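The data block below is run-v8.cif; it holds mmCIF, C-alpha atoms.
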data_start
#
loop_
_atom_site.label_atom_id
_atom_site.label_comp_id
_atom_site.auth_asym_id
_atom_site.auth_seq_id
_atom_site.Cartn_x
_atom_site.Cartn_y
_atom_site.Cartn_z
CA MET I 23 -26.39 31.09 77.36
CA ASN I 24 -26.79 34.74 78.38
CA LYS I 25 -25.52 34.76 81.94
CA HIS I 26 -25.95 38.49 82.33
CA LEU I 27 -29.47 39.07 81.01
CA LEU I 28 -30.96 40.02 84.35
CA HIS I 29 -28.22 42.51 85.20
CA SER I 30 -30.31 45.06 83.34
CA LEU I 31 -33.42 44.01 85.23
CA LEU I 32 -32.19 44.19 88.81
CA PRO I 33 -28.83 45.79 89.57
CA LEU I 34 -26.52 43.36 91.36
CA ALA I 35 -29.28 40.77 91.38
CA LEU I 36 -27.26 38.15 89.54
CA LEU I 37 -23.49 38.22 89.79
CA PRO I 38 -21.26 36.38 87.33
CA LEU I 39 -18.91 33.76 88.65
CA ALA I 40 -15.80 35.33 90.14
CA ALA I 41 -12.99 34.34 87.83
CA CYS I 42 -10.12 32.41 89.36
CA GLY I 43 -11.42 32.36 92.88
CA GLN I 44 -15.10 31.58 92.98
CA THR I 45 -16.34 30.28 96.30
CA PRO I 46 -17.31 26.66 95.59
CA VAL I 47 -20.96 26.24 94.65
CA SER I 48 -22.28 22.74 95.16
CA HIS I 49 -24.18 21.27 92.24
CA ASN I 50 -24.33 17.75 93.60
CA SER I 51 -26.94 15.42 92.20
CA ALA I 52 -30.35 15.16 93.81
CA ALA I 53 -29.64 11.51 94.51
CA SER I 54 -27.09 12.52 97.10
CA ALA I 55 -29.17 15.30 98.65
CA PRO I 56 -30.53 14.95 102.20
CA ALA I 57 -34.05 13.59 102.57
CA ALA I 58 -35.46 16.96 103.60
CA THR I 59 -34.13 18.53 100.42
CA LYS I 60 -35.73 15.78 98.33
CA SER I 61 -39.04 16.46 100.05
CA ALA I 62 -38.77 20.18 99.38
CA THR I 63 -37.85 19.55 95.76
CA ALA I 64 -40.73 17.14 95.39
CA ALA I 65 -43.08 19.88 96.62
CA SER I 66 -42.20 21.87 93.52
CA GLY I 67 -44.16 21.16 90.38
CA ASN I 68 -46.02 22.66 87.47
CA VAL I 69 -48.57 25.32 88.30
CA ASP I 70 -52.06 25.82 86.89
CA SER I 71 -51.73 26.58 83.20
CA LYS I 72 -53.78 29.78 83.44
CA LEU I 73 -51.55 31.14 86.22
CA ALA I 74 -48.45 30.19 84.25
CA GLN I 75 -49.78 32.07 81.22
CA THR I 76 -50.54 35.13 83.36
CA LEU I 77 -47.07 35.22 84.92
CA THR I 78 -45.41 34.61 81.57
CA ALA I 79 -47.31 37.41 79.86
CA LYS I 80 -46.59 39.90 82.63
CA LEU I 81 -42.85 39.21 82.76
CA GLU I 82 -42.32 39.08 79.00
CA GLN I 83 -44.24 42.31 78.53
CA THR I 84 -42.43 44.08 81.35
CA TYR I 85 -39.01 43.06 80.07
CA GLN I 86 -39.67 42.98 76.35
CA GLY I 87 -36.86 45.52 75.88
CA GLN I 88 -34.42 42.86 77.12
CA ASN I 89 -36.12 40.19 75.00
CA LEU I 90 -36.73 38.09 78.11
CA LYS I 91 -38.52 34.80 77.50
CA VAL I 92 -40.09 32.60 80.16
CA GLN I 93 -39.12 28.96 79.80
CA SER I 94 -41.09 27.43 82.67
CA VAL I 95 -43.15 28.23 85.76
CA ARG I 96 -43.31 25.94 88.80
CA ASN I 97 -44.50 25.92 92.37
CA THR I 98 -42.02 26.21 95.22
CA PRO I 99 -42.29 24.84 98.78
CA ILE I 100 -43.48 28.35 99.78
CA ALA I 101 -47.17 28.98 99.14
CA GLY I 102 -47.70 31.92 96.79
CA LEU I 103 -44.08 32.01 95.60
CA TYR I 104 -43.39 30.66 92.13
CA GLU I 105 -40.18 29.61 90.43
CA VAL I 106 -39.74 31.05 86.95
CA VAL I 107 -36.96 29.97 84.59
CA VAL I 108 -36.15 32.71 82.10
CA SER I 109 -33.78 33.11 79.17
CA GLY I 110 -30.34 31.70 79.86
CA ASN I 111 -31.74 29.11 82.29
CA GLN I 112 -31.76 31.67 85.08
CA VAL I 113 -34.00 30.98 88.05
CA VAL I 114 -36.05 33.78 89.63
CA TYR I 115 -39.05 33.85 91.95
CA VAL I 116 -42.25 35.88 91.69
CA ASP I 117 -45.52 36.32 93.55
CA GLY I 118 -48.85 35.25 92.07
CA SER I 119 -49.24 38.46 90.07
CA ALA I 120 -45.59 38.91 89.05
CA ASN I 121 -45.59 42.34 90.65
CA TYR I 122 -42.62 41.35 92.80
CA MET I 123 -39.53 39.39 91.88
CA LEU I 124 -36.82 37.79 94.00
CA VAL I 125 -33.44 36.94 92.50
CA GLY I 126 -31.16 34.85 94.68
CA ASP I 127 -30.94 31.56 96.52
CA LEU I 128 -33.97 29.85 98.02
CA ILE I 129 -32.48 28.04 101.00
CA ASP I 130 -33.85 25.03 102.87
CA VAL I 131 -32.88 26.17 106.37
CA ASN I 132 -33.17 22.69 107.87
CA THR I 133 -30.66 21.16 105.48
CA ARG I 134 -28.74 24.33 104.56
CA GLN I 135 -29.11 23.37 100.91
CA SER I 136 -29.80 25.85 98.13
CA LEU I 137 -32.85 24.74 96.17
CA THR I 138 -31.89 27.34 93.58
CA ASP I 139 -28.50 25.73 93.04
CA GLU I 140 -30.11 22.31 92.72
CA ARG I 141 -32.54 23.59 90.11
CA SER I 142 -29.86 25.50 88.21
CA ALA I 143 -27.65 22.41 88.13
CA GLU I 144 -30.54 20.38 86.74
CA LEU I 145 -31.26 22.97 84.05
CA ASN I 146 -27.62 23.34 83.03
CA LYS I 147 -26.59 19.71 82.84
CA ILE I 148 -23.79 19.01 80.40
CA ASP I 149 -23.57 15.83 78.35
CA PHE I 150 -20.14 14.65 79.48
CA SER I 151 -19.93 12.22 76.57
CA THR I 152 -19.98 15.13 74.10
CA LEU I 153 -16.94 16.90 75.58
CA PRO I 154 -14.05 16.86 73.07
CA LEU I 155 -11.69 14.97 75.38
CA ASP I 156 -8.98 14.92 72.71
CA MET I 157 -8.64 18.67 73.34
CA ALA I 158 -7.92 18.12 77.03
CA ILE I 159 -4.68 17.31 78.82
CA LYS I 160 -5.36 13.88 80.29
CA GLU I 161 -3.89 12.67 83.57
CA VAL I 162 -4.58 9.16 84.85
CA ARG I 163 -3.84 8.47 88.50
CA GLY I 164 -4.02 4.90 89.80
CA ASN I 165 -6.70 2.90 88.01
CA GLY I 166 -8.36 6.09 86.74
CA LYS I 167 -11.83 4.87 87.76
CA LEU I 168 -13.24 8.24 88.83
CA LYS I 169 -13.53 10.87 86.12
CA VAL I 170 -13.74 14.65 86.06
CA ALA I 171 -13.19 17.40 83.50
CA VAL I 172 -11.72 20.71 84.63
CA PHE I 173 -11.68 24.05 82.82
CA SER I 174 -8.55 25.69 84.14
CA ASP I 175 -6.35 28.76 83.65
CA PRO I 176 -2.58 28.13 83.89
CA ASP I 177 -2.10 31.39 85.82
CA CYS I 178 -5.09 31.01 88.15
CA PRO I 179 -4.02 30.60 91.82
CA PHE I 180 -7.16 28.66 92.73
CA CYS I 181 -6.61 26.31 89.79
CA LYS I 182 -3.13 25.61 91.14
CA ARG I 183 -4.54 24.95 94.60
CA LEU I 184 -6.98 22.50 93.04
CA GLU I 185 -4.12 20.76 91.25
CA HIS I 186 -2.35 20.27 94.58
CA GLU I 187 -5.48 18.47 95.81
CA PHE I 188 -5.55 16.27 92.70
CA ALA I 189 -1.95 15.33 93.44
CA LYS I 190 -3.14 13.73 96.69
CA MET I 191 -5.80 11.62 94.96
CA THR I 192 -5.60 8.14 93.45
CA ASP I 193 -7.76 6.19 91.00
CA ILE I 194 -8.94 9.20 89.04
CA THR I 195 -8.77 10.43 85.44
CA ILE I 196 -8.58 14.20 85.06
CA TYR I 197 -9.29 15.93 81.74
CA ASN I 198 -7.89 19.47 81.84
CA PHE I 199 -9.37 21.89 79.31
CA MET I 200 -7.32 25.06 79.22
CA LEU I 201 -9.39 28.22 79.68
CA PRO I 202 -6.98 31.15 79.95
CA ILE I 203 -8.73 34.36 81.00
CA ALA I 204 -6.87 37.11 79.18
CA SER I 205 -8.48 39.96 81.11
CA LEU I 206 -7.02 38.62 84.36
CA HIS I 207 -3.90 36.80 83.19
CA PRO I 208 -2.44 38.33 80.02
CA ASP I 209 0.27 35.66 79.73
CA ALA I 210 -2.02 32.68 80.34
CA GLN I 211 -2.78 31.95 76.70
CA ARG I 212 0.91 31.86 75.78
CA LYS I 213 1.58 29.46 78.67
CA ALA I 214 -1.39 27.27 77.68
CA GLU I 215 -0.14 26.98 74.10
CA LEU I 216 3.44 26.35 75.28
CA ILE I 217 2.30 23.57 77.60
CA TRP I 218 0.25 21.92 74.86
CA CYS I 219 3.24 21.93 72.49
CA GLN I 220 5.52 20.08 74.92
CA PRO I 221 6.49 16.48 74.05
CA ASP I 222 4.79 15.35 77.30
CA ARG I 223 2.04 17.89 77.85
CA THR I 224 0.64 16.08 80.90
CA ALA I 225 3.99 16.28 82.68
CA ALA I 226 4.43 19.91 81.59
CA TRP I 227 0.97 20.80 82.92
CA THR I 228 1.34 19.13 86.31
CA GLN I 229 4.89 20.38 86.82
CA TRP I 230 3.85 23.96 86.11
CA MET I 231 0.61 23.88 88.11
CA ARG I 232 1.91 21.90 91.09
CA GLN I 233 5.61 22.74 91.20
CA GLY I 234 5.89 26.06 89.40
CA LYS I 235 8.34 24.57 86.90
CA VAL I 236 8.29 26.69 83.74
CA PRO I 237 8.06 24.59 80.53
CA PRO I 238 11.07 24.89 78.22
CA ALA I 239 10.78 26.70 74.91
CA ALA I 240 9.08 24.66 72.23
CA PRO I 241 8.21 25.24 68.57
CA ALA I 242 4.71 26.50 67.97
CA CYS I 243 2.26 23.76 67.09
CA ASP I 244 -1.39 23.27 66.27
CA ASN I 245 -3.25 23.56 69.55
CA PRO I 246 -6.87 23.64 70.72
CA VAL I 247 -6.59 26.53 73.19
CA ALA I 248 -8.79 28.94 71.22
CA GLU I 249 -11.36 26.16 70.80
CA THR I 250 -11.38 25.21 74.49
CA VAL I 251 -11.82 28.87 75.42
CA SER I 252 -14.76 29.07 73.02
CA LEU I 253 -16.18 25.84 74.45
CA GLY I 254 -15.99 27.20 77.99
CA GLU I 255 -17.79 30.34 76.90
CA GLN I 256 -20.50 28.34 75.14
CA LEU I 257 -21.05 26.32 78.32
CA GLY I 258 -21.40 29.56 80.28
CA PHE I 259 -18.17 29.23 82.26
CA ASN I 260 -16.69 32.60 83.17
CA GLY I 261 -14.61 31.56 86.14
CA THR I 262 -11.87 29.02 86.80
CA PRO I 263 -11.56 26.37 87.92
CA THR I 264 -14.87 24.88 86.80
CA LEU I 265 -15.39 21.14 87.19
CA VAL I 266 -17.73 19.04 85.04
CA PHE I 267 -18.78 15.65 86.39
CA PRO I 268 -19.81 12.57 84.37
CA ASN I 269 -23.45 12.88 85.50
CA GLY I 270 -23.64 16.31 83.85
CA ARG I 271 -23.42 18.43 86.96
CA SER I 272 -20.83 21.21 87.23
CA GLN I 273 -19.21 23.11 90.06
CA SER I 274 -17.29 26.35 90.05
CA GLY I 275 -14.42 27.07 92.38
CA TYR I 276 -11.79 25.32 94.43
CA SER I 277 -12.59 22.68 97.05
CA PRO I 278 -10.05 21.02 99.36
CA LEU I 279 -9.94 17.36 100.25
CA PRO I 280 -11.93 15.52 101.51
CA GLN I 281 -14.82 17.59 100.07
CA LEU I 282 -13.36 17.38 96.57
CA GLN I 283 -13.17 13.59 96.73
CA GLN I 284 -16.76 13.39 98.01
CA GLN I 285 -18.06 15.72 95.29
CA ILE I 286 -16.38 13.72 92.52
CA GLU I 287 -17.54 10.37 93.89
CA ALA I 288 -21.14 11.61 94.30
CA ASN I 289 -21.38 12.85 90.73
CA GLN I 290 -20.05 10.01 88.59
#
Translate this file's structure into structure tokens.
Amino acid sequence: MNKHLLHSLLPLALLPLAACGQTPVSHNSAASAPAATKSATAASGNVDSKLAQTLTAKLEQTYQGQNLKVQSVRNTPIAGLYEVVVSGNQVVYVDGSANYMLVGDLIDVNTRQSLTDERSAELNKIDFSTLPLDMAIKEVRGNGKLKVAVFSDPDCPFCKRLEHEFAKMTDITIYNFMLPIASLHPDAQRKAELIWCQPDRTAAWTQWMRQGKVPPAAPACDNPVAETVSLGEQLGFNGTPTLVFPNGRSQSGYSPLPQLQQQIEANQ
């Protein structure tokens, strides 16, 4: 997915996720959204085919240099404002002639919910069952009933804060995919590989992330770190921590308890 396509269209219009410190963005399922949000979402729908063709033609012609493609056009709860999904599953809004474009969150003021986030989460659902869980460091707490996958950098302060929250939880299975960000943490990849090569990698991971205990030296071994980095990039993750829930929704950034518990429970 091209997360930066519209940077060339509108300066600062779409910002990438802030690595290792993104403010949490809620991508909870529509089933758990307040009633008013459901009503607003229900008000959205496909537009007249002729209008959709007109908006598509105008945008694709205007931005043909960036090879922009329109994937869908829908109504919004605001008369005369249309939601357009373009290349990379990015959501923008245009008027009925596509002479004006808005890039940013459409907020339901009554519920304080971002309709843009809800739509983006729907468009970017991940099939949890396809994640290569054998490439993750697995931790089972209690009966392990709840499940979550986390893309994490071993030198990311917000990832470590998240791990301290996990330490307070019970009855959860956590799959940690290591996503070292070399541009921010030059030593993170070495640490990730060292942790994977420990006899008990789960203990090594939790002791480092939660206690600051450096893993002992270990012989180099086959490890999936390069593959998990590539997987994170393919999924469009450019910040850590990023959580993936069993229902396919994802969330970037750190959340404290009890919000973290609520988010995981709501997205099983």
Return as JSON the box centre and box size in Å, one decimal, for an axis-aligned box around all listed atoms of region 114-123 of chain I padded by 3 Å per side.
{"center_x": -42.6, "center_y": 38.1, "center_z": 91.3, "size_x": 19.2, "size_y": 14.6, "size_z": 10.5}
Report the closest atom pair, with its distance in Å rounded to one decimal, for each residue of region 221-267 of chain I that has an atom no farther than 8 Å from region 184-195 of chain I; count all atoms listed in the file, sort by chain and then rising residue number, and write it as a Markdown table.
| residue | atom | partner | partner_atom | distance |
| --- | --- | --- | --- | --- |
| I:Thr228 | CA | I:Glu185 | CA | 7.5 |
| I:Met231 | CA | I:Glu185 | CA | 6.5 |
| I:Arg232 | CA | I:His186 | CA | 5.7 |
| I:Pro263 | CA | I:Leu184 | CA | 7.9 |
### Query
What does the PyMOL selection byres ((chain I and resi 143) around 12) select in this file, as a PyMOL selection string?
chain I and resi 47-52+111-113+136-142+144-148+266-267+269-274+289
Those same residues - C-alpha atoms - I'd like them written as a CSV table (one decimal), keeping the file's coordinate frame.
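Okay, part.csv is ready:
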chain,number,residue,atom,x,y,z
I,47,VAL,CA,-21.0,26.2,94.6
I,48,SER,CA,-22.3,22.7,95.2
I,49,HIS,CA,-24.2,21.3,92.2
I,50,ASN,CA,-24.3,17.8,93.6
I,51,SER,CA,-26.9,15.4,92.2
I,52,ALA,CA,-30.4,15.2,93.8
I,111,ASN,CA,-31.7,29.1,82.3
I,112,GLN,CA,-31.8,31.7,85.1
I,113,VAL,CA,-34.0,31.0,88.0
I,136,SER,CA,-29.8,25.8,98.1
I,137,LEU,CA,-32.8,24.7,96.2
I,138,THR,CA,-31.9,27.3,93.6
I,139,ASP,CA,-28.5,25.7,93.0
I,140,GLU,CA,-30.1,22.3,92.7
I,141,ARG,CA,-32.5,23.6,90.1
I,142,SER,CA,-29.9,25.5,88.2
I,144,GLU,CA,-30.5,20.4,86.7
I,145,LEU,CA,-31.3,23.0,84.0
I,146,ASN,CA,-27.6,23.3,83.0
I,147,LYS,CA,-26.6,19.7,82.8
I,148,ILE,CA,-23.8,19.0,80.4
I,266,VAL,CA,-17.7,19.0,85.0
I,267,PHE,CA,-18.8,15.6,86.4
I,269,ASN,CA,-23.4,12.9,85.5
I,270,GLY,CA,-23.6,16.3,83.8
I,271,ARG,CA,-23.4,18.4,87.0
I,272,SER,CA,-20.8,21.2,87.2
I,273,GLN,CA,-19.2,23.1,90.1
I,274,SER,CA,-17.3,26.4,90.0
I,289,ASN,CA,-21.4,12.8,90.7
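The nearest approach to Asn89 (chain I) among the residues I:Met123, I:Thr264, I:Val108, I:Arg223, with only C-alpha atoms taken into account, belongs to I:Val108.
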Interface rows for region 199-218 of chain I against region 160-164 of chain I: nearest pair, Å to one decimal, 12 Å, only C-alpha atoms, as a tab-separated table:
residue	atom	partner	partner_atom	distance
I:Phe199	CA	I:Lys160	CA	9.0
I:Met200	CA	I:Lys160	CA	11.4
I:Trp218	CA	I:Lys160	CA	11.2
### Query
Which polymer residues have any atom within 9 Å of an atom of Pro238 (chain I), counting only C-alpha atoms, with same-chain residues fewer than 2 positions away left out, as number ranges by chain?
I: 216-217, 220, 226, 236, 240
Would you mind exporting the chosen residues as a JSON list (two decimals), in the frame of the given file, restricted to C-alpha atoms?
[["chain", "number", "residue", "atom", "x", "y", "z"],
["I", 216, "LEU", "CA", 3.44, 26.35, 75.28],
["I", 217, "ILE", "CA", 2.30, 23.57, 77.60],
["I", 220, "GLN", "CA", 5.52, 20.08, 74.92],
["I", 226, "ALA", "CA", 4.43, 19.91, 81.59],
["I", 236, "VAL", "CA", 8.29, 26.69, 83.74],
["I", 240, "ALA", "CA", 9.08, 24.66, 72.23]]
### Task
For the file shown, report as a list in words the outcome of the PyMOL selection byres ((chain I and resi 101) around 12) at residue level.
Ala65, Ser66, Val69, Arg96, Asn97, Thr98, Pro99, Ile100, Gly102, Leu103, Tyr104, Glu105, Tyr115, Val116, Asp117 and Gly118 of chain I
Quick one: everything within 8 Å of Val247 (chain I), counting all atoms listed in the file, minus sequence neighbours fewer than 5 positions away in the same chain. Send it as a short mmCIF file (atom, residue, chain, number, x, y, z; two decimals) with C-alpha atoms, in the frame of the given file.
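Writing the result to result-v6.cif gives the following:
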data_model
loop_
_atom_site.label_atom_id
_atom_site.label_comp_id
_atom_site.auth_asym_id
_atom_site.auth_seq_id
_atom_site.Cartn_x
_atom_site.Cartn_y
_atom_site.Cartn_z
CA MET I 200 -7.32 25.06 79.22
CA LEU I 201 -9.39 28.22 79.68
CA GLN I 211 -2.78 31.95 76.70
CA ALA I 214 -1.39 27.27 77.68
CA GLU I 215 -0.14 26.98 74.10
#
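One finds CA of Gly258 (chain I) at 27.4 Å from CA of Ala120 (chain I).
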